[in-house]
Every structure is written in C-alpha cells, then in structure tokens.
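Below is one structure, written out as structure tokens; comments come after it.
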Number of protein chains: 2
Amino acid sequence: MLQTGLMMDRPLLLSDVLEHAAHQAGDTEVVSRETHGPLFRYTYADCAVRTRKLANALAGLGLQPGSAVGSIAWNNHRHLEAYYAVSGSGMVMHTCNPRLHPQQLIYIINHAEDEVVLFDATFAPLVKGIAAHCPKVRAWVCLAEKEHTPAIEGVANVLVYEELIGPASESFDWPSFDERTAAALCYTSGTTGNPKGALYSHRSIVLNALAGCLPSVLNLSSMQTMLPVVPMFHINAWCIPYAALLSGARLVLPGPKLDGASLYELMEAERVTISAGVPTIWQALIGHVEQHGLKFSTMKCTAVGGSAMPQALIAKFADSYGVEVRHGWGMTETTAVATMSVLTANDRKKSTEAQHAIVAKQGKSVFGVDIKVVDETGATLPRDGTSQGELMVRGQWIISSYYKAEKSPLVDGWFPTGDIATIDASGLMQIRDRTKDVIKTGGEWISSIDLENAAVAHPAVAMAAVIGVKHPKWDERPLLFIVRKPGQSVEKEEMLAFLAERVAKWWVPDDVVFLESLPVGGTGKVQKGELRKEYGGVFS
Amino acid sequence: MLQTGLMMDRPLLLSDVLEHAAHQAGDTEVVSRETHGPLFRYTYADCAVRTRKLANALAGLGLQPGSAVGSIAWNNHRHLEAYYAVSGSGMVMHTCNPRLHPQQLIYIINHAEDEVVLFDATFAPLVKGIAAHCPKVRAWVCLAEKEHTPAIEGVANVLVYEELIGPASESFDWPSFDERTAAALCYTSGTTGNPKGALYSHRSIVLNALAGCLPSVLNLSSMQTMLPVVPMFHINAWCIPYAALLSGARLVLPGPKLDGASLYELMEAERVTISAGVPTIWQALIGHVEQHGLKFSTMKCTAVGGSAMPQALIAKFADSYGVEVRHGWGMTETTAVATMSVLTANDRKKSTEAQHAIVAKQGKSVFGVDIKVVDETGATLPRDGTSQGELMVRGQWIISSYYKAEKSPLVDGWFPTGDIATIDASGLMQIRDRTKDVIKTGGEWISSIDLENAAVAHPAVAMAAVIGVKHPKWDERPLLFIVRKPGQSVEKEEMLAFLAERVAKWWVPDDVVFLESLPVGGTGKVQKGELRKEYGGVFS
C-alpha cells in the first residue's frame, strides 16, 4: 500500500508570491507608465502595501471570496496590484481585452458576473458604451487619481482608485484556501461564436510562474529587468506579472505606449534586459531601430509568442543586434507558455543559420506540460519532424473545461489545440498551421504559415496571409494576400517566382491579392475569416 | 463562496521528471564513474530505458507500492536509475549514509523496513557486517556486473544488478497516484539518539527540483554540465538528481573518487560548468589546484552547503579562479535547499569584498519556503541583521513530522531548526551557530562559527573548531581547537592576538588546543560532541 509523505501541506497561493517579493526583493523597483504619460516608480515592498490596501478596499465594497472583478487596463502598477489583491483574497481576476467588440465585452462581463470593473482612463468611452448593459457591476473603478479620472456621462457609479485605497488599512491577513481555487479568468478572443472562459487556479498559475522563471524559459531572476509588452489584459501577460515577483526580477510596465519608438526609449532609459510580446511588436521595434540606426544597450533577450516569428526576424535580432529570441507557444487554454524554443549547449555548436532554424520552431514542452500530435483518427503520430497532425496538450496549467460550459473539450484527457504541428525526435515542436487554416489540396496539406513565412522573406513585403479557396479539381488551392512595405513595389509574377524558388511547386499559390492592410483581431492576429468571407469563392 | 479553477488535475510525480528528460533531453549525456574505476556514458533516453527495466525487475522481486528499498551507494548511474525506478513505482527510496555507525545502519534499515538493499561493491564489507541483523531484507543487490560483484561470506541473497535488470522488459506503465505519496526517505545523522527519518513526498521533491533549477538557485538548464559531489546517499544529493533531469542539464556523477585531484581531473575532462558540495570538498579541491598551479577551464559556479563556507574561501574561488560560489542552507528536514545566497543586480554594483560578505551569509529563502527567527519565548525577532534567535522554517518541502514518530516537532506550524540565525531587512539570513554550540557567556552569546571563521583566516590554520567550556563566573567561555596546515607553525599567543584584532575582546577564546585532526562525522561535519567529551571540563 502506498505510503504518504510526511511533509508540510501548504497550498500554492498567489498571496505567497506577493509576500515573497515584498520580503526577499523588497527594495527591487517596479517602473510603470501612467496612462496620462509620466513614469511612476516604487518597490515590491511598496507594491505589497498598496495591494493589501486594495484587498481591504475591495472587501469594503462588499466583495466576497469567489466574487469576480473585471479589468480593462494597460500594463501598469495598479493593474498589478489588482492581480494580487483580487486573487489573493480568493476572488477571481477577470482581465478583459479592450480590443474585443463591445458586444463581446458586455457578454464576458455578464458571463463572468463581474461585480466591480477596474479600467484605465483610455477606456472611458468603452465603459460609457457598455455600462448600461452590465447590470451586475456595482462600481467602475478608474485606475488613477481624481484629477486623471474622467467623468463618464450616464455612468453614476464611477470610483477613483486612489480615493478607494487611500483610507484602507495597510495590513491584510491573506486567507489560506485550497490551491485549486480559481484565481483568474480570461476569455478567448472568440473569432467564431461567443468568447469562452479559461478559469485558472492558484496552483496552475504558481506552477506556470515557477516554470516560466527557469533558465530555459524566461530566465527570470534578480539579475533581470523585464518589460512585458504582452498585455496584462490577455492571458495574464503570459504570467510574467507572477513570475517577476516570484523571481525578484525588476519590472518595467509600459502602459499604453507600445509603438516602436516608445518601447525603444523605455528599454534604453530603464536598462531593460528582457522583454516579451507578439511578433508584430518586434517588427515595429526593429523597424524603428533600423530607421534611426540605433542599438540596444542592455536588451539581451526577447520572448516571442502569439504567432510564429519569421526566421528572418529572429536572425536580424540575433545577428544585427545581439538580442536572443526565445520562441514559445501557448494559448488562452494553456495559461501561458507551454513550449519554448531555446538553444541547448549542443545547439550552440551548430551554424548560426541552423541555430535560427531551431529557434524558428516553437520548441520543447516546458516541464509540467506534455505534447503529442495525432492524426484524424486520434492515433499518435511519430516524432519524426515530418508527420503533421493536430497538436494535443495536457499538463499542470492546461484547462479541463471552459467556464460554465457543459461539455468538456478534452479528448482522452488531452486538450485539442486546433493547431497543426510536427514534433521531431529531439522533442522540438513546430506549428505548421491552424486546423482551420491548413490548405487541403489533392489529398495533401499545405501549411499557410510556411507559405506566409516564405512570402515575408521578400524585401518588399510587409505582411502576408494565405487562405485556402475551394477548387473543383484539387479540393482547395492557396490564395496569397500581400501588404507591400511603404514605397516598395512587387507584382504577382515576381512574387510567385520568388516563392517557386522556396517551396514545392504544388505549394505555389494560384493567385496573389495586394491589399493596403490585413484585417487584425483583438489579439493582434490576422483574421483569416474576414479574408475568406470576401475572397473565399471558388477558383475556376 | 470560493470558486474552483477549471484546470487539469495532474499530480506532480517523479516518473514525469524521468520521462520529461527522456523526451526533451533524450540525447543529453550522463557520465558516471563506475565503482571499479572507468567512466560509463549514456543518455537520458538510455537511462529511462534501464530505469523502466529496473522498475519491472523490482516488481518481479515481489516488491509492492509502499515497499521500501534501501541503497548504500555512490553517485553513479545505477543509483540514479534506482532513484526513479523505486519512487516512480510508488515505492520508497531509502538512501543510507555508509558513514553512519554500523549499528545505526542496522537501525535505519530495520526502521524503514527495507525489503531490498542496493549497494556498491565498496560497501560489501559493511553489508557483510550488517546483513544478519536485517531480517526483512530479501535481497542485497550489488550495483555492478557479475564480474565486479564480490562474494560476501555469510550473505546468501546477493544479486547482481545487471543480471537482475537484463531480462526485464523495457516498457513500464508508471502508475499515477496522489502527489503526496512518499517517494524517498533519509535519516538524520543522529549525533544524539537514534537517527530520525524524513519521508519526502513526490510533490515536495518535484517542487524543490523546480525551484532548484531557478537562475538564482542552481541555474540548471541544458546549457549546464552539473557534477554533484554532495552524495546521493544523503538528502538526495540536494535533489540535484531530480533537478538535472527536470532541466535537461548534462550530469557527471563522480562515483567514489572525491579527492581534490580526481574531482579536478573529472571537471576538466568532462567540461563541468557547475558543481555542488560541502566546504571541506572545496577546500581539498582548491588545495590541489593551488599546489599544482592549475586553472578551471569551464567551471563557472559551485553551490556550497552543509556547513558555512568561510568568506576567505569564497573570495579565493571568485577572485583567483573565476568560480562563483553560491552559498546555501538546508538540512535533512528541508529536503534540500531552503535558502541561497546569490548576488542580485544591485549587489553586483558593490565592492568585491562587500559581495563576498553577502555570499558568506546563507542567503534568502527560496520561493516555497518561509523563514523567521524567534527568541526563547517563541516571539518573532526583527529582521535587523543583528537580532539572533532560533531559525524557524516552513514551506513546500519541509517535514511535518519524523517517520513513525508520535510527536510532531513543529511549533505553531514551523519547524525549529536548532540553528541560531539573524535575518536582515533585505531577507538575507546568516547562520550564527547551532543552538547547542552557541557559547553563552555573561548573559551574551558568542557564535562559535564566527570565531572559527576568524581563526581559519590565519594563513597557518587548516581547520578550527570552538566549543563552550563551563566557567564559574561567566557561565561558559570559548575554547579554540586548531589544526595547522602541513609545514606551517602558529602558537597560542600569536593565534589569540590574531583573533583579538578581528573579534570583540570578550569573544577571544580562553585557551587554544592544537590537534593533528578534528573528529568528523557521517556528513563531513566536525563532531563537537567528541571535543566536548574530551575537553569540556571547567575553566578555572
């Protein structure tokens, strides 16, 4: 009969992450861009004091353990305080993506049953539009002082964050409870149907934050200054606001200023060593740096996820600017990072190009997560680097079901990601496509992502997207969309000839459409559904 | 009412650590010194195959979940396989310290109810002496091939490891069970009374291993080659055999050859980047390196614990050899590391000497562990760096009680360590003494450790120890023991004058005794109890 270990039984709770930072990295700085412009600075010890005040203030508003608190906010110190005060009190921190359609925002606030919503002044017009449709929200709290809180016509119950926490006590006894208690809630961007909620537990977030600090993931410690560009309003900024405090890393929160020039200036001024965000952010940043002939003084590493980072961009960061790219993969349903591509000691003996090719994949599963790819019958495919199938994932920080959903999405205990991937013998996973984007032609699959990566390697191409269009003979054929770089020219014939040198002949798209821009959704990804609506007819 | 998160509920199990390494670092090497001399090499993928074979073989011996398996063995690959096969099967891996007195070994093997004991050929004489007194042990398995397995007179049931696992199947379905299940058992060295057992759970070991890989703890990843000198027969080699596989670090296991010359040779030949062990090991290593005018080619870091590392030795490693010392603290009851002294970004702006002084402390609590110091009434003392009291610890990998003990050692949920410590405002903890070693004189405390550190700073001193001796007026007064370096001379008056310049006047010992050697116990620590027996009379 199994024996039970004789160890202390203490839950993994987010309040312990906050108090750990306050005690072990109490003088470490948090730098935060206020929504109205200037930088704000304090320490983790200060942060803990204000977080305890907020916990008292929220209790004073009548919130109870289990209550949901919404936020529509930038990456800033008040949002950080809310993360810990809400979850630490046993309540649910529901981060709302302001880029969702207002109807979807109303839907998720009501579905989550948010009783209080915290918002940044930027989003006052949004609040004005939705408040009347969110009857359970007792108070809308502007994350600012009085002077920076706008009046919102027609919304009576607007509170001022600083006035709310000002009189509250600085001491708060964080409650202890089961580590499987819900801590945070994030909805998918919901490109089809209503958004679906992932309800993260304290345990899953703490384990993800621990794994996220590992040298082969984000490498966070008191030696680093981390600037998360990835928004705290979506997937908890990949859990960096938790990992930073757990590790004692210095934290720089950029607020609303996310353009290349602002990010570069902040990185230099605050001596940032590591950052994290989606590829479009890095494209903009490197564009600014190149245009002005700049260099990075302290930046050594950036973590990239959300969509695939082209190898050319990885190479540029590494070779021209000495910034290592770490390429990861995760989704709302996986809390944060599930796989990460980081060079091993053996990899570093290979050619530069071979190294970039490794980083261009989405990497190996982080400890705590298992991955596999399966065929259409659910059979596991070999780890040979070529067998493509749907990526399945399971582990410590993967959802078991959606919030208030009746049916579990799991298949034999694994979460089906909707991504098409390969895994090679060394465990390296590569996303080849979304199941709904892959182009099925003549019984074979064409990866729309591979085609797009090949297209953006052309010097005149700023963005590219590929969709499958019905074809009477081949089932589907690829159609390529191109956005040209400003002042650059490239035409269809040149583009197709360029691709013909880089992909199999039968992969070359049947046509090219040149657009001024591509439709982009709430999380910064190209909305191929929009392209399909307009262009997805039938090739003749 | 609290809400429950909707995340997959998967236990933290050691079998997942093994399979993670097999899948994500399958081609990473393990290098192991055979007990009979040569180096053995294989990969984590190979290791997993042989571990599964061993799991099948142990089941074939009739062992059941919950059974205990003992080991008396060096750091080598077969011992590593046993770690995972035993715990992964739901059995308890009981590592025995061969430096214990044979009577104590008999006691712990019977107390643990070991059904099988794995041993290295080195310890055949030990097995010969104890086997008849361990009636529950069905088989003594020599960790070797047939040709290197000695016959043991009078012990019939000796099996050969390679013959045991040879015919076993390479596939094994690791059972899933509660993560609080016992995985490993280690007894204290028991300087007074019988040894007491700490029964570690899968959860506590996995969490410790995760935290151990953090950049600010051991910084383990696929970039590192780790050589644990700290023995697998005591406190699981500080959980490095788990952390290495979790992180994909290359592992070099030194077997029985632990002298300075052998370690240096192995570190150089295998391009070791990080090591871990007690200060006496590093003293011997640096002695060898200095004597032969050598350098370290790849070694960048060493973790030190078990007893305090003198600041002079920390400085020598860092300044003369470019090897960063990371100074930790833990004990059998804390699974492995509980605190670690690592320089932060701010610390690195300070003078070299100030940096060494920080590292000479035992550091900050690792995430997952809380510490405090209390006075004799149990009241928490301020974190001011000077208030000394007993160090209390609680957390994810701290015991709640001893194996088969009726009474819990905890005080209000905290484990009393028996160490006297201070904690400063930044969270830095410093061990000042053992509660039983501290010298109480005239109502004040003298730290025996501080005095010893001051004494070993003298160039002629190899080792020093201080005990309190009863004194009619002052209650106790310090008595200093000195072992001189070979060929060096120093006498009492010079020694006391040297100390008088470095410590408070009332700290200067009343007398000095010069010895050829100091009595050292099973875990390499000076046995002050032996000194007290012989010298602990009364000062007049």
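A note on labels: chains of the structure tokens are A, B, ... as shown, every chain counts residues from 1, and ligands are counted from 1 in their shown order.
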For chain B against chain A, with a cut-off of 6 Å and counting only C-alpha atoms, what is the closest atom pair and its distance in Å to one decimal for every residue that makes the cut, ordered by chain and number, as JSON lines?
{"residue": "B:Met1", "atom": "CA", "partner": "A:Gly66", "partner_atom": "CA", "distance": 4.9}
{"residue": "B:Leu2", "atom": "CA", "partner": "A:Gly66", "partner_atom": "CA", "distance": 4.0}
{"residue": "B:Gln3", "atom": "CA", "partner": "A:Gly66", "partner_atom": "CA", "distance": 5.1}
{"residue": "B:Thr4", "atom": "CA", "partner": "A:Thr181", "partner_atom": "CA", "distance": 4.3}
{"residue": "B:Gly5", "atom": "CA", "partner": "A:Ala182", "partner_atom": "CA", "distance": 3.9}
{"residue": "B:Leu6", "atom": "CA", "partner": "A:Leu199", "partner_atom": "CA", "distance": 5.3}
{"residue": "B:Met7", "atom": "CA", "partner": "A:Ile399", "partner_atom": "CA", "distance": 4.1}
{"residue": "B:Met8", "atom": "CA", "partner": "A:Ser400", "partner_atom": "CA", "distance": 4.7}
{"residue": "B:Gln24", "atom": "CA", "partner": "A:Gly427", "partner_atom": "CA", "distance": 5.1}
{"residue": "B:Pro65", "atom": "CA", "partner": "A:Leu2", "partner_atom": "CA", "distance": 5.1}
{"residue": "B:Gly66", "atom": "CA", "partner": "A:Leu2", "partner_atom": "CA", "distance": 4.0}
{"residue": "B:Arg180", "atom": "CA", "partner": "A:Gly5", "partner_atom": "CA", "distance": 5.7}
{"residue": "B:Thr181", "atom": "CA", "partner": "A:Thr4", "partner_atom": "CA", "distance": 4.3}
{"residue": "B:Ala182", "atom": "CA", "partner": "A:Gly5", "partner_atom": "CA", "distance": 3.9}
{"residue": "B:Leu199", "atom": "CA", "partner": "A:Gly5", "partner_atom": "CA", "distance": 5.2}
{"residue": "B:Tyr200", "atom": "CA", "partner": "A:Gly5", "partner_atom": "CA", "distance": 5.3}
{"residue": "B:Ser201", "atom": "CA", "partner": "A:Gly5", "partner_atom": "CA", "distance": 4.5}
{"residue": "B:Leu214", "atom": "CA", "partner": "A:Leu214", "partner_atom": "CA", "distance": 5.0}
{"residue": "B:Pro215", "atom": "CA", "partner": "A:Pro215", "partner_atom": "CA", "distance": 5.7}
{"residue": "B:Ser216", "atom": "CA", "partner": "A:Ser221", "partner_atom": "CA", "distance": 5.9}
{"residue": "B:Ser221", "atom": "CA", "partner": "A:Ser216", "partner_atom": "CA", "distance": 5.9}
{"residue": "B:Ser222", "atom": "CA", "partner": "A:Thr344", "partner_atom": "CA", "distance": 5.1}
{"residue": "B:Met223", "atom": "CA", "partner": "A:Ala345", "partner_atom": "CA", "distance": 4.6}
{"residue": "B:Thr344", "atom": "CA", "partner": "A:Ser222", "partner_atom": "CA", "distance": 5.1}
{"residue": "B:Ala345", "atom": "CA", "partner": "A:Met223", "partner_atom": "CA", "distance": 4.6}
{"residue": "B:Ile398", "atom": "CA", "partner": "A:Met7", "partner_atom": "CA", "distance": 5.7}
{"residue": "B:Ile399", "atom": "CA", "partner": "A:Met7", "partner_atom": "CA", "distance": 4.1}
{"residue": "B:Ser400", "atom": "CA", "partner": "A:Met8", "partner_atom": "CA", "distance": 4.7}
{"residue": "B:Ser401", "atom": "CA", "partner": "A:Leu6", "partner_atom": "CA", "distance": 5.9}
{"residue": "B:Gly427", "atom": "CA", "partner": "A:Gln24", "partner_atom": "CA", "distance": 5.1}
Hey, can you spit out that residue selection with N, CA and C atoms as a JSON list (two decimals), in the first residue's frame?
[["chain", "number", "residue", "atom", "x", "y", "z"],
["B", 1, "MET", "N", -18.68, 32.58, -2.03],
["B", 1, "MET", "CA", -18.08, 31.25, -1.91],
["B", 1, "MET", "C", -16.95, 31.09, -2.93],
["B", 2, "LEU", "N", -15.85, 30.53, -2.48],
["B", 2, "LEU", "CA", -14.71, 30.35, -3.38],
["B", 2, "LEU", "C", -15.13, 29.54, -4.62],
["B", 3, "GLN", "N", -14.60, 29.91, -5.76],
["B", 3, "GLN", "CA", -14.82, 29.11, -6.96],
["B", 3, "GLN", "C", -13.62, 28.19, -7.18],
["B", 4, "THR", "N", -13.86, 27.06, -7.82],
["B", 4, "THR", "CA", -12.76, 26.14, -8.11],
["B", 4, "THR", "C", -12.30, 26.33, -9.55],
["B", 5, "GLY", "N", -11.00, 26.42, -9.74],
["B", 5, "GLY", "CA", -10.46, 26.59, -11.09],
["B", 5, "GLY", "C", -10.79, 25.39, -11.96],
["B", 6, "LEU", "N", -10.76, 25.61, -13.26],
["B", 6, "LEU", "CA", -11.11, 24.52, -14.19],
["B", 6, "LEU", "C", -9.87, 24.10, -14.96],
["B", 7, "MET", "N", -8.91, 23.58, -14.21],
["B", 7, "MET", "CA", -7.64, 23.16, -14.82],
["B", 7, "MET", "C", -7.50, 21.65, -14.67],
["B", 8, "MET", "N", -6.72, 21.05, -15.55],
["B", 8, "MET", "CA", -6.44, 19.62, -15.43],
["B", 8, "MET", "C", -5.84, 19.35, -14.06],
["B", 24, "GLN", "N", 12.60, 15.23, -23.81],
["B", 24, "GLN", "CA", 13.02, 16.59, -24.16],
["B", 24, "GLN", "C", 14.54, 16.75, -24.14],
["B", 65, "PRO", "N", 3.84, -1.38, -4.22],
["B", 65, "PRO", "CA", 3.75, 0.04, -3.89],
["B", 65, "PRO", "C", 3.80, 0.21, -2.37],
["B", 66, "GLY", "N", 4.57, 1.16, -1.92],
["B", 66, "GLY", "CA", 4.73, 1.38, -0.48],
["B", 66, "GLY", "C", 5.92, 0.65, 0.12],
["B", 180, "ARG", "N", 1.15, 13.46, -2.92],
["B", 180, "ARG", "CA", 1.65, 13.48, -1.53],
["B", 180, "ARG", "C", 2.18, 12.11, -1.10],
["B", 181, "THR", "N", 2.18, 11.16, -2.02],
["B", 181, "THR", "CA", 2.73, 9.84, -1.74],
["B", 181, "THR", "C", 4.23, 9.94, -1.44],
["B", 182, "ALA", "N", 4.68, 9.11, -0.51],
["B", 182, "ALA", "CA", 6.10, 9.09, -0.14],
["B", 182, "ALA", "C", 6.95, 8.62, -1.32],
["B", 199, "LEU", "N", 10.51, 11.72, 5.54],
["B", 199, "LEU", "CA", 9.83, 10.98, 4.47],
["B", 199, "LEU", "C", 9.29, 11.98, 3.45],
["B", 200, "TYR", "N", 10.06, 12.12, 2.35],
["B", 200, "TYR", "CA", 9.76, 13.13, 1.33],
["B", 200, "TYR", "C", 8.66, 12.65, 0.40],
["B", 201, "SER", "N", 7.79, 13.55, -0.03],
["B", 201, "SER", "CA", 6.73, 13.21, -0.98],
["B", 201, "SER", "C", 7.16, 13.56, -2.40],
["B", 214, "LEU", "N", 16.01, 27.23, -10.69],
["B", 214, "LEU", "CA", 15.87, 28.66, -10.96],
["B", 214, "LEU", "C", 17.23, 29.34, -11.13],
["B", 215, "PRO", "N", 17.27, 30.39, -11.93],
["B", 215, "PRO", "CA", 18.54, 31.11, -12.15],
["B", 215, "PRO", "C", 19.21, 31.56, -10.86],
["B", 216, "SER", "N", 18.42, 31.87, -9.84],
["B", 216, "SER", "CA", 19.01, 32.38, -8.60],
["B", 216, "SER", "C", 19.24, 31.26, -7.58],
["B", 221, "SER", "N", 20.04, 24.14, -16.56],
["B", 221, "SER", "CA", 19.37, 24.10, -17.86],
["B", 221, "SER", "C", 20.22, 23.23, -18.78],
["B", 222, "SER", "N", 19.78, 23.12, -20.01],
["B", 222, "SER", "CA", 20.52, 22.33, -20.99],
["B", 222, "SER", "C", 21.86, 22.99, -21.35],
["B", 223, "MET", "N", 22.12, 24.19, -20.83],
["B", 223, "MET", "CA", 23.41, 24.84, -21.05],
["B", 223, "MET", "C", 24.48, 24.35, -20.06],
["B", 344, "THR", "N", 22.42, 39.81, -6.33],
["B", 344, "THR", "CA", 21.43, 40.43, -7.20],
["B", 344, "THR", "C", 22.14, 41.44, -8.10],
["B", 345, "ALA", "N", 21.37, 42.01, -9.03],
["B", 345, "ALA", "CA", 21.93, 43.04, -9.91],
["B", 345, "ALA", "C", 22.46, 44.21, -9.08],
["B", 398, "ILE", "N", 9.33, 21.08, 3.60],
["B", 398, "ILE", "CA", 9.78, 20.96, 4.99],
["B", 398, "ILE", "C", 8.94, 19.85, 5.65],
["B", 399, "ILE", "N", 9.58, 19.01, 6.46],
["B", 399, "ILE", "CA", 8.84, 17.90, 7.07],
["B", 399, "ILE", "C", 7.80, 18.42, 8.07],
["B", 400, "SER", "N", 6.76, 17.61, 8.23],
["B", 400, "SER", "CA", 5.76, 17.91, 9.26],
["B", 400, "SER", "C", 5.99, 17.02, 10.49],
["B", 401, "SER", "N", 6.57, 15.84, 10.26],
["B", 401, "SER", "CA", 6.95, 15.01, 11.40],
["B", 401, "SER", "C", 7.97, 13.99, 10.93],
["B", 427, "GLY", "N", 16.24, 40.41, 3.77],
["B", 427, "GLY", "CA", 15.86, 39.00, 3.76],
["B", 427, "GLY", "C", 17.03, 38.04, 3.86]]
Give the helix (DSSP H, G or I) residues of region 133-170 of chain B, as DSSP finds them on the backbone, and put them as a ChimeraX atom specification. /B:133,146-148,161-165
Nearby residues (only C-alpha atoms) at most 10 Å from Ser262 (chain A), same-chain spacing under 5 positions excluded, as a list of chain:residue names: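 Using only C-alpha atoms, the neighbours found are A:Pro254, A:Pro256, A:Lys257, A:Met267, A:Leu285, A:His288.
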Lys528 (chain B): which residues within 9 Å, counting only C-alpha atoms, same-chain residues fewer than 5 positions away excluded, as a VMD selection string? chain B and resid 437 465 to 467 518 to 520 533
Take the residues just selected and output them with all heavy atoms as a PDB file, in the first residue's frame.
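What ended up in again-v9.pdb:
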ATOM      1  N   ASP B 437      25.652  24.687  20.097  1.00  0.00           N
ATOM      2  CA  ASP B 437      27.065  25.075  20.011  1.00  0.00           C
ATOM      3  C   ASP B 437      27.327  26.510  20.447  1.00  0.00           C
ATOM      4  O   ASP B 437      28.471  26.882  20.741  1.00  0.00           O
ATOM      5  CB  ASP B 437      27.582  24.920  18.565  1.00  0.00           C
ATOM      6  CG  ASP B 437      27.650  23.466  18.141  1.00  0.00           C
ATOM      7  OD1 ASP B 437      27.704  22.591  19.034  1.00  0.00           O
ATOM      8  OD2 ASP B 437      27.643  23.208  16.926  1.00  0.00           O
ATOM      9  N   ALA B 465      37.911  24.735  15.360  1.00  0.00           N
ATOM     10  CA  ALA B 465      36.626  24.450  15.997  1.00  0.00           C
ATOM     11  C   ALA B 465      36.624  25.139  17.353  1.00  0.00           C
ATOM     12  O   ALA B 465      37.670  25.291  17.988  1.00  0.00           O
ATOM     13  CB  ALA B 465      36.415  22.952  16.153  1.00  0.00           C
ATOM     14  N   VAL B 466      35.428  25.583  17.757  1.00  0.00           N
ATOM     15  CA  VAL B 466      35.299  26.256  19.046  1.00  0.00           C
ATOM     16  C   VAL B 466      34.163  25.584  19.824  1.00  0.00           C
ATOM     17  O   VAL B 466      33.109  25.321  19.251  1.00  0.00           O
ATOM     18  CB  VAL B 466      34.986  27.758  18.853  1.00  0.00           C
ATOM     19  CG1 VAL B 466      34.716  28.415  20.210  1.00  0.00           C
ATOM     20  CG2 VAL B 466      36.141  28.466  18.142  1.00  0.00           C
ATOM     21  N   ILE B 467      34.421  25.303  21.094  1.00  0.00           N
ATOM     22  CA  ILE B 467      33.329  24.827  21.951  1.00  0.00           C
ATOM     23  C   ILE B 467      33.242  25.728  23.189  1.00  0.00           C
ATOM     24  O   ILE B 467      34.192  26.457  23.505  1.00  0.00           O
ATOM     25  CB  ILE B 467      33.514  23.356  22.407  1.00  0.00           C
ATOM     26  CG1 ILE B 467      34.774  23.194  23.288  1.00  0.00           C
ATOM     27  CG2 ILE B 467      33.572  22.410  21.203  1.00  0.00           C
ATOM     28  CD1 ILE B 467      34.870  21.837  23.979  1.00  0.00           C
ATOM     29  N   LEU B 518      40.628  16.970  13.478  1.00  0.00           N
ATOM     30  CA  LEU B 518      39.382  17.131  14.232  1.00  0.00           C
ATOM     31  C   LEU B 518      38.482  15.924  13.964  1.00  0.00           C
ATOM     32  O   LEU B 518      38.506  15.377  12.861  1.00  0.00           O
ATOM     33  CB  LEU B 518      38.667  18.413  13.808  1.00  0.00           C
ATOM     34  CG  LEU B 518      39.371  19.733  14.159  1.00  0.00           C
ATOM     35  CD1 LEU B 518      38.626  20.922  13.545  1.00  0.00           C
ATOM     36  CD2 LEU B 518      39.482  19.908  15.672  1.00  0.00           C
ATOM     37  N   PRO B 519      37.684  15.517  14.938  1.00  0.00           N
ATOM     38  CA  PRO B 519      36.756  14.402  14.700  1.00  0.00           C
ATOM     39  C   PRO B 519      35.649  14.834  13.732  1.00  0.00           C
ATOM     40  O   PRO B 519      35.040  15.877  13.923  1.00  0.00           O
ATOM     41  CB  PRO B 519      36.193  14.115  16.090  1.00  0.00           C
ATOM     42  CG  PRO B 519      36.350  15.383  16.855  1.00  0.00           C
ATOM     43  CD  PRO B 519      37.571  16.051  16.306  1.00  0.00           C
ATOM     44  N   VAL B 520      35.438  14.037  12.674  1.00  0.00           N
ATOM     45  CA  VAL B 520      34.464  14.391  11.643  1.00  0.00           C
ATOM     46  C   VAL B 520      33.411  13.283  11.556  1.00  0.00           C
ATOM     47  O   VAL B 520      33.741  12.106  11.593  1.00  0.00           O
ATOM     48  CB  VAL B 520      35.172  14.598  10.284  1.00  0.00           C
ATOM     49  CG1 VAL B 520      34.151  14.718   9.157  1.00  0.00           C
ATOM     50  CG2 VAL B 520      36.046  15.848  10.331  1.00  0.00           C
ATOM     51  N   LYS B 533      33.337  15.934  24.982  1.00  0.00           N
ATOM     52  CA  LYS B 533      33.580  14.792  25.872  1.00  0.00           C
ATOM     53  C   LYS B 533      34.989  14.854  26.445  1.00  0.00           C
ATOM     54  O   LYS B 533      35.219  14.637  27.629  1.00  0.00           O
ATOM     55  CB  LYS B 533      33.425  13.467  25.095  1.00  0.00           C
ATOM     56  CG  LYS B 533      32.003  12.918  25.111  1.00  0.00           C
ATOM     57  CD  LYS B 533      31.993  11.530  24.485  1.00  0.00           C
ATOM     58  CE  LYS B 533      30.673  11.301  23.746  1.00  0.00           C
ATOM     59  NZ  LYS B 533      30.772  10.211  22.778  1.00  0.00           N
TER      60      LYS B 533
END
State, in Å with one decimal place, the distance from CA of Asp173 (chain A) to CA of Val206 (chain B).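 Atom-to-atom, CA of Asp173 (chain A) and CA of Val206 (chain B) are spaced 28.6 Å apart.
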Check the DSSP output for the backbone and give back, as a VMD selection string, the residues of region 324-428 of chain B in strand (DSSP E or B). chain B and resid 324 to 330 337 to 341 363 to 365 369 to 374 380 389 to 395 399 411 414 to 423
Pick out the closest residue to Thr95 (chain B) from this set: B:Met232, B:Leu143, B:Thr149, B:Arg138. Count only C-alpha atoms.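 Going through B:Met232, B:Leu143, B:Thr149, B:Arg138 one by one, the smallest distance to Thr95 (chain B) is for B:Met232.
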Using only C-alpha atoms, find the one residue out of A:Val337, A:Val411, A:Val526, A:Ile423 that sits nearest to Ile449 (chain A).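 Ranking A:Val337, A:Val411, A:Val526, A:Ile423 by distance to Ile449 (chain A), first place goes to A:Val526.
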Mind checking which residues fall within 6 Å of region 315-332 of chain B, counting only C-alpha atoms, ignoring those fewer than 3 positions away in the same chain, and posting them as a list in words?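 Near neighbours after the sequence-gap exclusion: Ile235, Lys300, Cys301, Thr302, Ala303, Val304, Gly305, Ala312, Thr335, Ala336, Val337, Ala338, Thr339, Met340, Ser341, Val342 and Gln362 of chain B.
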Residue contacts of Gly287 (chain A) (10 Å, only C-alpha atoms) excluding same-chain residues fewer than 6 positions away, as a PyMOL selection string: chain A and resi 260-261+281+293
For Asp510 (chain A), please output as a list of chain:residue names all residues within 7 Å (counting only C-alpha atoms; exclusion window: fewer than 6 positions along the same chain). A:Arg477, A:Pro478, A:Leu479
Nearest candidate to Asn157 (chain A) (options A:Met463, A:Cys239, A:Ile72, A:Val141; using only C-alpha atoms): A:Val141
